[in-house]
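Here is structure-v9.pdb, consisting of PDB, C-alpha atoms:
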```pdb
ATOM      1  CA  MET A   5      44.413 -14.418 -59.903
ATOM      2  CA  GLY A   6      47.597 -15.868 -61.378
ATOM      3  CA  GLU A   7      49.736 -15.652 -58.240
ATOM      4  CA  ARG A   8      47.192 -17.721 -56.304
ATOM      5  CA  LYS A   9      47.223 -20.608 -58.769
ATOM      6  CA  GLY A  10      49.282 -23.731 -58.426
ATOM      7  CA  THR A  11      52.824 -23.562 -59.759
ATOM      8  CA  ASN A  12      53.742 -26.044 -62.515
ATOM      9  CA  LYS A  13      56.917 -27.938 -61.540
ATOM     10  CA  TYR A  14      56.905 -30.353 -64.479
ATOM     11  CA  TYR A  15      59.838 -30.044 -66.877
ATOM     12  CA  PRO A  16      59.195 -31.759 -70.231
ATOM     13  CA  PRO A  17      61.946 -33.881 -71.892
ATOM     14  CA  ASP A  18      62.706 -31.289 -74.586
ATOM     15  CA  PHE A  19      63.165 -28.459 -72.058
ATOM     16  CA  ASP A  20      66.591 -26.828 -72.382
ATOM     17  CA  PRO A  21      67.536 -24.321 -69.660
ATOM     18  CA  ALA A  22      70.120 -22.662 -71.850
ATOM     19  CA  LYS A  23      67.620 -22.218 -74.655
ATOM     20  CA  HIS A  24      64.343 -21.591 -72.824
ATOM     21  CA  GLY A  25      65.525 -20.125 -69.528
ATOM     22  CA  SER A  26      62.286 -20.834 -67.649
ATOM     23  CA  LEU A  27      59.071 -22.784 -67.958
ATOM     24  CA  ASN A  28      57.141 -19.593 -68.680
ATOM     25  CA  LYS A  29      59.266 -18.928 -71.751
ATOM     26  CA  TYR A  30      58.978 -22.566 -72.733
ATOM     27  CA  HIS A  31      55.138 -22.412 -72.567
ATOM     28  CA  GLY A  32      55.068 -18.870 -74.002
ATOM     29  CA  SER A  33      53.175 -17.422 -70.995
ATOM     30  CA  HIS A  34      53.801 -14.537 -68.626
ATOM     31  CA  PRO A  35      54.472 -15.142 -64.898
ATOM     32  CA  LEU A  36      51.454 -12.970 -64.046
ATOM     33  CA  ARG A  37      49.195 -15.042 -66.358
ATOM     34  CA  GLU A  38      45.976 -13.239 -67.361
ATOM     35  CA  ARG A  39      46.890 -10.153 -65.325
ATOM     36  CA  ALA A  40      49.454  -9.302 -67.958
ATOM     37  CA  ARG A  41      47.245  -9.841 -71.009
ATOM     38  CA  LYS A  42      47.466  -6.087 -71.852
ATOM     39  CA  LEU A  43      51.025  -5.577 -70.754
ATOM     40  CA  SER A  44      52.056  -4.694 -74.294
ATOM     41  CA  GLN A  45      49.827  -1.612 -73.994
ATOM     42  CA  GLY A  46      51.360  -0.671 -70.655
ATOM     43  CA  ILE A  47      48.314  -1.922 -68.714
ATOM     44  CA  LEU A  48      48.521  -4.263 -65.723
ATOM     45  CA  VAL A  49      45.418  -5.722 -64.088
ATOM     46  CA  ILE A  50      45.548  -5.266 -60.323
ATOM     47  CA  ARG A  51      43.197  -5.565 -57.358
ATOM     48  CA  PHE A  52      42.065  -1.996 -56.597
ATOM     49  CA  GLU A  53      40.300  -0.935 -53.379
ATOM     50  CA  MET A  54      37.994   2.092 -53.424
ATOM     51  CA  PRO A  55      39.726   4.832 -51.388
ATOM     52  CA  TYR A  56      36.543   6.732 -50.422
ATOM     53  CA  ASN A  57      32.758   6.725 -50.884
ATOM     54  CA  ILE A  58      31.517   7.564 -54.387
ATOM     55  CA  TRP A  59      28.295   7.739 -56.439
ATOM     56  CA  CYS A  60      28.274   5.881 -59.757
ATOM     57  CA  ASP A  61      27.206   8.068 -62.716
ATOM     58  CA  GLY A  62      25.739   5.074 -64.559
ATOM     59  CA  CYS A  63      23.348   3.519 -62.052
ATOM     60  CA  LYS A  64      23.393   6.363 -59.454
ATOM     61  CA  ASN A  65      24.127   3.819 -56.726
ATOM     62  CA  HIS A  66      26.403   4.356 -53.753
ATOM     63  CA  ILE A  67      29.742   2.514 -53.716
ATOM     64  CA  GLY A  68      31.333   2.383 -50.303
ATOM     65  CA  MET A  69      34.931   2.810 -49.358
ATOM     66  CA  GLY A  70      36.834  -0.481 -49.370
ATOM     67  CA  VAL A  71      34.935  -2.176 -52.224
ATOM     68  CA  ARG A  72      37.451  -4.026 -54.398
ATOM     69  CA  TYR A  73      37.619  -4.242 -58.194
ATOM     70  CA  ASN A  74      39.842  -5.732 -60.884
ATOM     71  CA  ALA A  75      41.259  -2.502 -62.305
ATOM     72  CA  GLU A  76      43.523  -1.737 -65.250
ATOM     73  CA  LYS A  77      46.551   0.158 -63.998
ATOM     74  CA  LYS A  78      48.394   2.468 -66.405
ATOM     75  CA  LYS A  79      51.046   5.140 -65.991
ATOM     76  CA  VAL A  80      49.874   8.491 -67.407
ATOM     77  CA  GLY A  81      52.501  10.977 -66.173
ATOM     78  CA  ASN A  82      54.842  12.169 -63.435
ATOM     79  CA  TYR A  83      54.714  14.660 -60.602
ATOM     80  CA  TYR A  84      58.365  15.621 -60.368
ATOM     81  CA  THR A  85      59.842  12.129 -60.009
ATOM     82  CA  THR A  86      56.662  10.460 -58.656
ATOM     83  CA  PRO A  87      54.676   8.526 -61.293
ATOM     84  CA  ILE A  88      50.957   9.190 -61.730
ATOM     85  CA  TYR A  89      48.854   6.044 -62.266
ATOM     86  CA  ARG A  90      45.344   5.784 -63.653
ATOM     87  CA  PHE A  91      42.935   2.972 -62.736
ATOM     88  CA  ARG A  92      39.993   1.891 -64.892
ATOM     89  CA  MET A  93      37.374  -0.481 -63.492
ATOM     90  CA  LYS A  94      33.827  -1.557 -64.245
ATOM     91  CA  CYS A  95      30.997  -0.900 -61.786
ATOM     92  CA  HIS A  96      29.666  -4.124 -60.287
ATOM     93  CA  LEU A  97      26.075  -2.812 -60.455
ATOM     94  CA  CYS A  98      25.966  -1.600 -64.076
ATOM     95  CA  VAL A  99      28.025  -1.424 -67.297
ATOM     96  CA  ASN A 100      29.565   1.962 -66.449
ATOM     97  CA  TYR A 101      33.360   2.299 -66.250
ATOM     98  CA  ILE A 102      35.014   4.370 -63.521
ATOM     99  CA  GLU A 103      38.425   5.982 -63.964
ATOM    100  CA  MET A 104      40.539   7.319 -61.098
ATOM    101  CA  GLN A 105      44.134   8.450 -60.854
ATOM    102  CA  THR A 106      46.607   9.280 -58.137
ATOM    103  CA  ASP A 107      47.307  12.856 -57.023
ATOM    104  CA  PRO A 108      50.800  12.963 -55.484
ATOM    105  CA  ALA A 109      50.574  16.729 -54.912
ATOM    106  CA  GLY A 110      47.531  16.351 -52.648
ATOM    107  CA  CYS A 111      48.290  12.804 -51.410
ATOM    108  CA  ASP A 112      44.866  11.708 -52.646
ATOM    109  CA  TYR A 113      42.953  10.019 -55.490
ATOM    110  CA  VAL A 114      41.109  12.035 -58.136
ATOM    111  CA  ILE A 115      38.058  10.806 -60.081
ATOM    112  CA  VAL A 116      38.609  11.288 -63.805
ATOM    113  CA  SER A 117      35.253  10.040 -65.114
ATOM    114  CA  GLY A 118      32.334   7.710 -64.428
ATOM    115  CA  ALA A 119      31.591   8.719 -60.824
ATOM    116  CA  ARG A 120      31.465  11.590 -58.375
ATOM    117  CA  ARG A 121      32.894  11.722 -54.909
ATOM    118  CA  LYS A 122      30.734  11.757 -51.792
ATOM    119  CA  GLU A 123      32.020  14.920 -50.208
ATOM    120  CA  GLU A 124      33.205  14.163 -46.668
ATOM    121  CA  ARG A 125      36.335  16.330 -46.601
ATOM    122  CA  TRP A 126      36.966  19.306 -44.335
ATOM    123  CA  ASP A 127      39.473  22.093 -44.031
ATOM    124  CA  MET A 128      42.211  21.159 -41.596
ATOM    125  CA  ARG A 129      42.770  24.827 -40.759
ATOM    126  CA  ASP A 130      39.121  25.310 -39.759
ATOM    127  CA  ASN A 131      39.247  22.061 -37.774
ATOM    128  CA  GLU A 132      42.334  23.317 -35.875
ATOM    129  CA  GLN A 133      44.439  20.362 -36.947
ATOM    130  CA  VAL A 134      48.194  20.342 -37.449
ATOM    131  CA  LEU A 135      48.849  21.376 -41.047
ATOM    132  CA  PRO A 136      51.745  19.920 -43.002
ATOM    133  CA  THR A 137      54.320  22.495 -44.043
ATOM    134  CA  GLU A 138      54.136  23.333 -47.733
ATOM    135  CA  ARG A 139      57.162  22.952 -49.971
ATOM    136  CA  GLU A 140      57.403  26.682 -50.696
ATOM    137  CA  GLU A 141      57.127  27.476 -47.015
ATOM    138  CA  LYS A 142      59.925  25.042 -46.226
ATOM    139  CA  GLU A 143      62.176  26.737 -48.767
ATOM    140  CA  LYS A 144      61.438  30.182 -47.302
ATOM    141  CA  LEU A 145      62.162  28.891 -43.784
ATOM    142  CA  GLU A 146      65.532  27.642 -44.973
ATOM    143  CA  THR A 147      66.515  30.758 -46.928
ATOM    144  CA  ASP A 148      64.696  33.765 -45.381
ATOM    145  CA  ALA A 149      65.789  34.675 -41.840
ATOM    146  CA  MET A 150      63.052  37.285 -41.304
ATOM    147  CA  PHE A 151      60.351  34.862 -42.408
ATOM    148  CA  ARG A 152      61.800  32.240 -40.067
ATOM    149  CA  LEU A 153      61.702  34.738 -37.174
ATOM    150  CA  GLU A 154      58.095  35.763 -37.915
ATOM    151  CA  HIS A 155      57.104  32.119 -38.243
ATOM    152  CA  GLY A 156      58.665  31.361 -34.861
ATOM    153  CA  VAL A 157      56.795  34.237 -33.184
ATOM    154  CA  ALA A 158      53.485  33.047 -34.702
ATOM    155  CA  ASP A 159      54.167  29.494 -33.523
ATOM    156  CA  GLN A 160      54.824  30.731 -29.975
ATOM    157  CA  ALA A 161      51.538  32.674 -29.996
ATOM    158  CA  VAL A 162      49.687  29.545 -31.137
ATOM    159  CA  LEU A 163      51.385  27.566 -28.359
ATOM    160  CA  ARG A 164      50.308  30.107 -25.714
ATOM    161  CA  ARG A 165      46.696  29.954 -26.916
ATOM    162  CA  ALA A 166      46.724  26.170 -26.952
ATOM    163  CA  ALA A 167      48.475  25.739 -23.573
ATOM    164  CA  PRO A 168      45.261  25.649 -21.426
ATOM    165  CA  THR A 169      43.676  23.125 -23.762
ATOM    166  CA  LEU A 170      46.780  20.937 -23.725
ATOM    167  CA  ALA A 171      46.948  21.110 -19.931
ATOM    168  CA  GLY A 172      43.306  20.051 -19.679
ATOM    169  CA  LEU A 173      43.910  17.131 -22.036
ATOM    170  CA  GLN A 174      46.947  16.006 -20.047
ATOM    171  CA  GLU A 175      44.977  16.183 -16.786
ATOM    172  CA  ALA A 176      42.107  14.199 -18.313
ATOM    173  CA  GLN A 177      44.533  11.563 -19.580
ATOM    174  CA  SER A 178      46.242  11.316 -16.191
ATOM    175  CA  THR A 179      42.931  10.413 -14.517
ATOM    176  CA  TRP A 180      42.533   7.451 -16.891
ATOM    177  CA  LYS A 181      46.158   6.372 -16.743
ATOM    178  CA  ASP A 182      45.801   3.622 -14.114
ATOM    179  CA  ASP A 183      43.445   1.177 -15.812
ATOM    180  CA  PHE A 184      43.554  -1.350 -12.969
ATOM    181  CA  ALA A 185      42.503   1.197 -10.327
ATOM    182  CA  LEU A 186      39.673   2.480 -12.509
ATOM    183  CA  ASN A 187      38.468  -1.044 -13.176
ATOM    184  CA  SER A 188      38.582  -1.900  -9.465
ATOM    185  CA  ARG A 189      36.672   1.274  -8.587
ATOM    186  CA  LEU A 190      33.962   0.594 -11.155
ATOM    187  CA  ARG A 191      33.581  -3.042 -10.058
ATOM    188  CA  ARG A 192      33.350  -1.982  -6.394
ATOM    189  CA  ARG A 193      30.655   0.555  -7.234
ATOM    190  CA  PHE A 194      28.791  -2.039  -9.278
ATOM    191  CA  ARG A 195      28.853  -4.527  -6.387
ATOM    192  CA  GLU A 196      27.506  -1.891  -3.950
ATOM    193  CA  GLU A 197      24.683  -0.916  -6.304
ATOM    194  CA  LYS A 198      23.844  -4.567  -6.910
ATOM    195  CA  LYS A 199      23.686  -5.232  -3.156
ATOM    196  CA  THR A 200      21.417  -2.214  -2.641
ATOM    197  CA  LEU A 201      19.073  -3.340  -5.416
ATOM    198  CA  ARG A 202      18.900  -6.859  -3.960
ATOM    199  CA  GLU A 203      17.989  -5.491  -0.503
ATOM    200  CA  GLU A 204      15.283  -3.255  -1.980
ATOM    201  CA  GLU A 205      13.825  -6.192  -3.920
ATOM    202  CA  GLU A 206      13.763  -8.335  -0.760
ATOM    203  CA  GLU A 207      12.033  -5.570   1.227
ATOM    204  CA  ALA A 208       9.454  -5.076  -1.530
ATOM    205  CA  ALA A 209       8.778  -8.825  -1.706
ATOM    206  CA  ALA A 210       8.350  -9.027   2.084
ATOM    207  CA  LEU A 211       5.953  -6.049   2.058
ATOM    208  CA  GLN A 212       3.901  -7.589  -0.750
ATOM    209  CA  ALA A 213       3.686 -10.887   1.094
ATOM    210  CA  ARG A 214       2.692  -9.163   4.371
ATOM    211  CA  THR A 215       0.017  -6.918   2.849
ATOM    212  CA  GLY A 216      -1.162  -9.272   0.104
ATOM    213  CA  LEU A 217      -0.387  -6.822  -2.691
ATOM    214  CA  SER A 218      -0.091  -8.089  -6.255
ATOM    215  CA  ILE A 219       1.072  -4.817  -7.826
ATOM    216  CA  PRO A 220       4.748  -3.990  -8.410
ATOM    217  CA  LEU A 221       6.217  -1.533  -5.915
ATOM    218  CA  LEU A 222       8.238   1.433  -7.146
ATOM    219  CA  ARG A 223      11.454   2.639  -5.567
ATOM    220  CA  GLU A 224      11.284   5.292  -2.880
ATOM    221  CA  ASP A 225      11.712   8.876  -4.004
ATOM    222  CA  GLU A 226      12.934  11.874  -2.021
ATOM    223  CA  GLY A 227       9.586  13.601  -2.601
ATOM    224  CA  ASP A 228       7.765  10.573  -1.217
ATOM    225  CA  ARG A 229       9.898  10.660   1.930
ATOM    226  CA  ARG A 230       9.169  14.364   2.505
ATOM    227  CA  LEU A 231       5.428  13.834   1.990
ATOM    228  CA  ALA A 232       5.372  10.851   4.349
ATOM    229  CA  ALA A 233       7.142  12.903   7.021
ATOM    230  CA  LEU A 234       4.375  15.510   6.900
ATOM    231  CA  LEU A 235       1.574  12.951   7.390
ATOM    232  CA  LYS A 236       0.657  11.418  10.772
ATOM    233  CA  TYR A 237      -1.648   8.431  10.974
ATOM    234  CA  GLN A 238      -3.295   7.598  14.355
ATOM    235  CA  SER A 239      -6.589   6.302  15.762
ATOM    236  CA  PRO A 240      -9.039   9.069  16.838
ATOM    237  CA  ASP A 241      -9.692   7.445  20.252
ATOM    238  CA  SER A 242      -7.790   4.702  21.987
ATOM    239  CA  TYR A 243      -9.463   1.794  23.833
ATOM    240  CA  GLU A 244      -8.833   3.354  27.219
ATOM    241  CA  GLU A 245     -10.304   6.673  26.052
ATOM    242  CA  LYS A 246     -13.461   4.936  24.786
ATOM    243  CA  GLN A 247     -13.886   3.083  28.111
ATOM    244  CA  ARG A 248     -13.473   6.301  30.080
ATOM    245  CA  MET A 249     -16.060   8.109  27.911
ATOM    246  CA  LYS A 250     -18.537   5.266  28.351
ATOM    247  CA  ARG A 251     -18.183   5.299  32.184
ATOM    248  CA  THR A 252     -18.634   9.074  32.209
ATOM    249  CA  GLU A 253     -21.832   8.747  30.170
ATOM    250  CA  ILE A 254     -23.247   6.090  32.520
ATOM    251  CA  SER A 255     -22.418   8.072  35.642
ATOM    252  CA  THR A 256     -24.056  11.241  34.319
ATOM    253  CA  ARG A 257     -27.248   9.533  33.053
ATOM    254  CA  SER A 258     -30.558  10.328  34.806
ATOM    255  CA  TRP A 259     -32.078   7.515  36.885
ATOM    256  CA  PHE A 260     -35.717   8.517  36.496
ATOM    257  CA  GLY A 261     -37.557  10.613  33.923
ATOM    258  CA  GLY A 262     -36.553  12.388  30.876
ATOM    259  CA  GLY A 263     -36.857   9.365  28.674
ATOM    260  CA  GLY A 264     -33.239   9.834  27.830
ATOM    261  CA  GLY A 265     -30.802   7.141  27.146
ATOM    262  CA  ARG A 266     -31.426   3.494  26.586
ATOM    263  CA  ALA A 267     -33.775   3.084  29.612
ATOM    264  CA  GLY A 268     -36.076   5.824  28.302
ATOM    265  CA  GLY A 269     -36.156   4.201  24.912
ATOM    266  CA  ALA A 270     -37.076   0.827  26.435
ATOM    267  CA  LEU A 271     -39.888   2.411  28.503
ATOM    268  CA  ARG A 272     -41.255   4.117  25.415
ATOM    269  CA  LYS A 273     -41.320   0.794  23.598
ATOM    270  CA  LEU A 274     -43.255  -0.763  26.458
ATOM    271  CA  GLY A 275     -45.657   2.168  26.587
ATOM    272  CA  LEU A 276     -44.580   3.114  30.129
ATOM    273  CA  GLY A 277     -42.947   6.361  29.343
ATOM    274  CA  GLY A 278     -43.638   9.332  31.569
ATOM    275  CA  GLY A 279     -44.738  11.536  28.724
ATOM    276  CA  ARG A 280     -48.153   9.835  28.344
ATOM    277  CA  ALA A 281     -50.794   9.515  31.195
ATOM    278  CA  LEU A 282     -52.885   6.383  31.735
ATOM    279  CA  ARG A 283     -56.562   6.811  30.918
ATOM    280  CA  GLY A 284     -58.841   4.293  32.720
ATOM    281  CA  PRO A 285     -58.657   0.556  32.618
ATOM    282  CA  PRO A 286     -57.556  -1.168  29.445
ATOM    283  CA  ALA A 287     -60.257  -2.164  26.943
ATOM    284  CA  ALA A 288     -61.437  -5.740  26.744
ATOM    285  CA  PRO A 289     -59.926  -7.765  23.925
ATOM    286  CA  THR A 290     -62.071  -8.349  20.835
ATOM    287  CA  PRO A 291     -61.977 -11.307  18.407
ATOM    288  CA  ALA A 292     -60.713  -9.023  15.593
ATOM    289  CA  GLY A 293     -57.947  -7.814  17.846
ATOM    290  CA  LEU A 294     -56.974 -11.380  18.612
ATOM    291  CA  GLY A 295     -56.914 -12.239  14.870
ATOM    292  CA  ILE A 296     -60.114 -14.347  14.925
ATOM    293  CA  VAL A 297     -62.155 -14.206  11.720
ATOM    294  CA  ARG A 298     -65.719 -15.510  11.637
ATOM    295  CA  ARG A 299     -66.862 -17.486   8.621
ATOM    296  CA  ARG A 300     -70.168 -16.615   7.038
ATOM    297  CA  SER A 301     -72.682 -19.397   6.731
ATOM    298  CA  ALA A 302     -73.968 -20.568   3.377
ATOM    299  CA  GLU A 303     -77.442 -19.323   4.209
ATOM    300  CA  GLY A 304     -76.310 -15.896   5.289
TER     301      GLY A 304
END
```

Spit out the file's structure as C-alpha cells when you get a sec.
Amino acid sequence: MGERKGTNKYYPPDFDPAKHGSLNKYHGSHPLRERARKLSQGILVIRFEMPYNIWCDGCKNHIGMGVRYNAEKKKVGNYYTTPIYRFRMKCHLCVNYIEMQTDPAGCDYVIVSGARRKEERWDMRDNEQVLPTEREEKEKLETDAMFRLEHGVADQAVLRRAAPTLAGLQEAQSTWKDDFALNSRLRRRFREEKKTLREEEEEAAALQARTGLSIPLLREDEGDRRLAALLKYQSPDSYEEKQRMKRTEISTRSWFGGGGGRAGGALRKLGLGGGRALRGPPAAPTPAGLGIVRRRSAEG
C-alpha cells in the first residue's frame, strides 16, 4: 500500500513551495497513491477484515472471519448523524464480488450481495444476557414516571431471581482467588501421587524379580483386596503332622500275618506269603527252565 512505501525527500531545482505547495502537487500524485485512484467517484481503497463467517455465492466456499481484502469504501447514506459505508471486494477464490455495509442501528455489518452469512447469532434475551436499553425505552424512562416505577419493580424482581446464582458465582470465584495457594496445593498433591506411583513401581519390580515373572503387574484394586481376604492358603499337613502319622502307622502294623503293609508285600514277592501252602519238595530244574537250548544235528 502507499503508506508503506518509501517517502521521496528529493526536491528538484524547479520546485517552488509557494507555487507547488508540496511534492505530491509537484508530481501530480495523491498522498495515498493508488488507494485514491477512484477518489473522484467517492471511493477509497482500504484494507477490510471480514467481520464474521460467510459463504460465497460464486464458488460456494466458506470464508472465515478475519480474512482481509482490498475493499472499495463508499459512503451511501446516514443513520441520524452516523454515516453508512459500503464495502465492495472480490472473492479470493473466484471472480465473484461481495458487497457489505455498516448497520449503525444494530451495531453490525449487513451483506448486500454476493454472499450469505453463516448464522451463528442468538437472542440475548433467551440467553439471559444483559440487554442494552433501547432509545425509545430510554426516552420513556426519562419522561414517564409510572413507566420508570414499573421498570424499577421489574428490575428488582429480576435481581431477586438472580441473587442465588450471583452468590454461587461469587463463592466459586472466591475459592479460586488465591492463585499461589491453589498452585501450591496442586503441586503438593502431584508430588504425593508421584511418590506413591514410584513406590508401587518399585514393589512390582521387586516382585517380578523374586518370582521370575515377565508379565506387567496391574495396580491393586479394592475388589482384589476383598477377594484376597476371603482366601486362605496353607499346606494340608505340616512336617510334624506327617511324622506323627507315620509313627502311628508303624506302631499299629501287624507283626505276623495278614500280608498287610510293606512286609506282607515283600513276602508275597518272595513267594513266602501265608496265603499259599507249600506242596512237597521243589521240582528239579530242567534245561529249558535254565534257558538251555539244544541244537539239532545235521543228520537229525

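Ranking A:Arg125, A:Leu27, A:Glu140, A:Pro55 by their shortest atom-to-atom distance to Gln105 of chain A, with all atoms listed in the file included, puts A:Pro55 first.
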
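Between atom CA of Glu38 of chain A and atom CA of Pro17 of chain A there is a distance of 26.5 Å.
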
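In terms of minimum interatomic distance to Ile50 of chain A, A:Asn74 ranks closest within A:Ser218, A:Asn28, A:Asn74, A:Thr85, counting all atoms listed in the file.
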
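Proximity ranking of A:Pro35, A:Leu222, A:Pro108, A:Ile67 relative to Ala209 of chain A places A:Leu222 first, based on only C-alpha atoms.
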
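Atom CA of Glu141 of chain A is positioned 28.5 Å from atom CA of Ile115 of chain A.
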
Practice prompt. One decimal, Å: what's the distance from atom CA of Lys94 of chain A over to atom CA of Ile58 of chain A, could you say?
Written response: 13.6 Å

Worksheet entry | Residue contacts of Tyr30 of chain A (10 Å, all atoms listed in the file) excluding same-chain residues fewer than 6 positions away, as a list of chain:residue names | A:Tyr15, A:Pro16, A:Asp18, A:Phe19, A:Asp20, A:Pro21, A:Lys23, A:His24

Worksheet item: Hey, what's within 12 Å of segment 195-204 of chain A if we count all atoms listed in the file and toss same-chain stuff fewer than 5 positions away? As a ChimeraX atom specification, please?
Response: /A:188-190,209-211,221-224

All heavy atoms are what I want for segment 12-20 of chain A; can you complete it accordingly and write them as a PDB file, keeping the file's coordinate frame?
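Resulting contents of part-v2.pdb:
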```pdb
ATOM      1  N   ASN A  12      53.406 -24.846 -61.753  1.00  0.00           N
ATOM      2  CA  ASN A  12      53.742 -26.044 -62.515  1.00  0.00           C
ATOM      3  C   ASN A  12      55.228 -26.362 -62.342  1.00  0.00           C
ATOM      4  O   ASN A  12      56.093 -25.566 -62.721  1.00  0.00           O
ATOM      5  CB  ASN A  12      53.402 -25.822 -63.983  1.00  0.00           C
ATOM      6  CG  ASN A  12      53.606 -27.081 -64.803  1.00  0.00           C
ATOM      7  OD1 ASN A  12      53.844 -28.149 -64.262  1.00  0.00           O
ATOM      8  ND2 ASN A  12      53.509 -26.925 -66.117  1.00  0.00           N
ATOM      9  N   LYS A  13      55.535 -27.514 -61.775  1.00  0.00           N
ATOM     10  CA  LYS A  13      56.917 -27.938 -61.540  1.00  0.00           C
ATOM     11  C   LYS A  13      57.364 -29.022 -62.532  1.00  0.00           C
ATOM     12  O   LYS A  13      58.446 -29.598 -62.373  1.00  0.00           O
ATOM     13  CB  LYS A  13      57.064 -28.477 -60.117  1.00  0.00           C
ATOM     14  CG  LYS A  13      56.766 -27.446 -59.027  1.00  0.00           C
ATOM     15  CD  LYS A  13      57.759 -26.290 -59.048  1.00  0.00           C
ATOM     16  CE  LYS A  13      57.508 -25.317 -57.915  1.00  0.00           C
ATOM     17  NZ  LYS A  13      58.469 -24.189 -57.935  1.00  0.00           N
ATOM     18  N   TYR A  14      56.565 -29.279 -63.528  1.00  0.00           N
ATOM     19  CA  TYR A  14      56.905 -30.353 -64.479  1.00  0.00           C
ATOM     20  C   TYR A  14      57.794 -29.786 -65.585  1.00  0.00           C
ATOM     21  O   TYR A  14      57.453 -28.780 -66.218  1.00  0.00           O
ATOM     22  CB  TYR A  14      55.636 -30.941 -65.087  1.00  0.00           C
ATOM     23  CG  TYR A  14      55.912 -31.936 -66.183  1.00  0.00           C
ATOM     24  CD1 TYR A  14      56.430 -33.198 -65.890  1.00  0.00           C
ATOM     25  CD2 TYR A  14      55.676 -31.598 -67.508  1.00  0.00           C
ATOM     26  CE1 TYR A  14      56.690 -34.099 -66.900  1.00  0.00           C
ATOM     27  CE2 TYR A  14      55.930 -32.502 -68.526  1.00  0.00           C
ATOM     28  CZ  TYR A  14      56.436 -33.749 -68.213  1.00  0.00           C
ATOM     29  OH  TYR A  14      56.712 -34.651 -69.233  1.00  0.00           O
ATOM     30  N   TYR A  15      58.913 -30.422 -65.810  1.00  0.00           N
ATOM     31  CA  TYR A  15      59.838 -30.044 -66.877  1.00  0.00           C
ATOM     32  C   TYR A  15      59.766 -31.114 -67.970  1.00  0.00           C
ATOM     33  O   TYR A  15      60.120 -32.273 -67.732  1.00  0.00           O
ATOM     34  CB  TYR A  15      61.277 -29.935 -66.355  1.00  0.00           C
ATOM     35  CG  TYR A  15      61.484 -28.766 -65.417  1.00  0.00           C
ATOM     36  CD1 TYR A  15      61.212 -28.877 -64.058  1.00  0.00           C
ATOM     37  CD2 TYR A  15      61.942 -27.559 -65.908  1.00  0.00           C
ATOM     38  CE1 TYR A  15      61.392 -27.792 -63.204  1.00  0.00           C
ATOM     39  CE2 TYR A  15      62.131 -26.476 -65.063  1.00  0.00           C
ATOM     40  CZ  TYR A  15      61.859 -26.595 -63.722  1.00  0.00           C
ATOM     41  OH  TYR A  15      62.047 -25.525 -62.882  1.00  0.00           O
ATOM     42  N   PRO A  16      59.314 -30.760 -69.142  1.00  0.00           N
ATOM     43  CA  PRO A  16      59.195 -31.759 -70.231  1.00  0.00           C
ATOM     44  C   PRO A  16      60.577 -32.219 -70.711  1.00  0.00           C
ATOM     45  O   PRO A  16      61.597 -31.559 -70.447  1.00  0.00           O
ATOM     46  CB  PRO A  16      58.442 -30.996 -71.324  1.00  0.00           C
ATOM     47  CG  PRO A  16      58.675 -29.570 -71.029  1.00  0.00           C
ATOM     48  CD  PRO A  16      58.838 -29.451 -69.556  1.00  0.00           C
ATOM     49  N   PRO A  17      60.641 -33.338 -71.453  1.00  0.00           N
ATOM     50  CA  PRO A  17      61.946 -33.881 -71.892  1.00  0.00           C
ATOM     51  C   PRO A  17      62.708 -32.934 -72.818  1.00  0.00           C
ATOM     52  O   PRO A  17      63.951 -32.918 -72.792  1.00  0.00           O
ATOM     53  CB  PRO A  17      61.571 -35.176 -72.606  1.00  0.00           C
ATOM     54  CG  PRO A  17      60.247 -35.540 -72.060  1.00  0.00           C
ATOM     55  CD  PRO A  17      59.554 -34.262 -71.760  1.00  0.00           C
ATOM     56  N   ASP A  18      62.016 -32.166 -73.648  1.00  0.00           N
ATOM     57  CA  ASP A  18      62.706 -31.289 -74.586  1.00  0.00           C
ATOM     58  C   ASP A  18      63.023 -29.913 -74.000  1.00  0.00           C
ATOM     59  O   ASP A  18      63.388 -28.989 -74.747  1.00  0.00           O
ATOM     60  CB  ASP A  18      61.878 -31.101 -75.855  1.00  0.00           C
ATOM     61  CG  ASP A  18      60.473 -30.565 -75.554  1.00  0.00           C
ATOM     62  OD1 ASP A  18      60.074 -30.594 -74.366  1.00  0.00           O
ATOM     63  OD2 ASP A  18      59.779 -30.127 -76.488  1.00  0.00           O
ATOM     64  N   PHE A  19      62.872 -29.745 -72.690  1.00  0.00           N
ATOM     65  CA  PHE A  19      63.165 -28.459 -72.058  1.00  0.00           C
ATOM     66  C   PHE A  19      64.670 -28.288 -71.956  1.00  0.00           C
ATOM     67  O   PHE A  19      65.392 -29.160 -71.457  1.00  0.00           O
ATOM     68  CB  PHE A  19      62.523 -28.393 -70.670  1.00  0.00           C
ATOM     69  CG  PHE A  19      62.893 -27.158 -69.883  1.00  0.00           C
ATOM     70  CD1 PHE A  19      62.305 -25.940 -70.188  1.00  0.00           C
ATOM     71  CD2 PHE A  19      63.841 -27.204 -68.864  1.00  0.00           C
ATOM     72  CE1 PHE A  19      62.643 -24.794 -69.479  1.00  0.00           C
ATOM     73  CE2 PHE A  19      64.174 -26.073 -68.167  1.00  0.00           C
ATOM     74  CZ  PHE A  19      63.575 -24.855 -68.473  1.00  0.00           C
ATOM     75  N   ASP A  20      65.164 -27.147 -72.423  1.00  0.00           N
ATOM     76  CA  ASP A  20      66.591 -26.828 -72.382  1.00  0.00           C
ATOM     77  C   ASP A  20      66.768 -25.523 -71.623  1.00  0.00           C
ATOM     78  O   ASP A  20      66.331 -24.468 -72.094  1.00  0.00           O
ATOM     79  CB  ASP A  20      67.141 -26.692 -73.800  1.00  0.00           C
ATOM     80  CG  ASP A  20      68.653 -26.502 -73.816  1.00  0.00           C
ATOM     81  OD1 ASP A  20      69.272 -26.550 -72.728  1.00  0.00           O
ATOM     82  OD2 ASP A  20      69.191 -26.290 -74.899  1.00  0.00           O
TER      83      ASP A  20
END
```
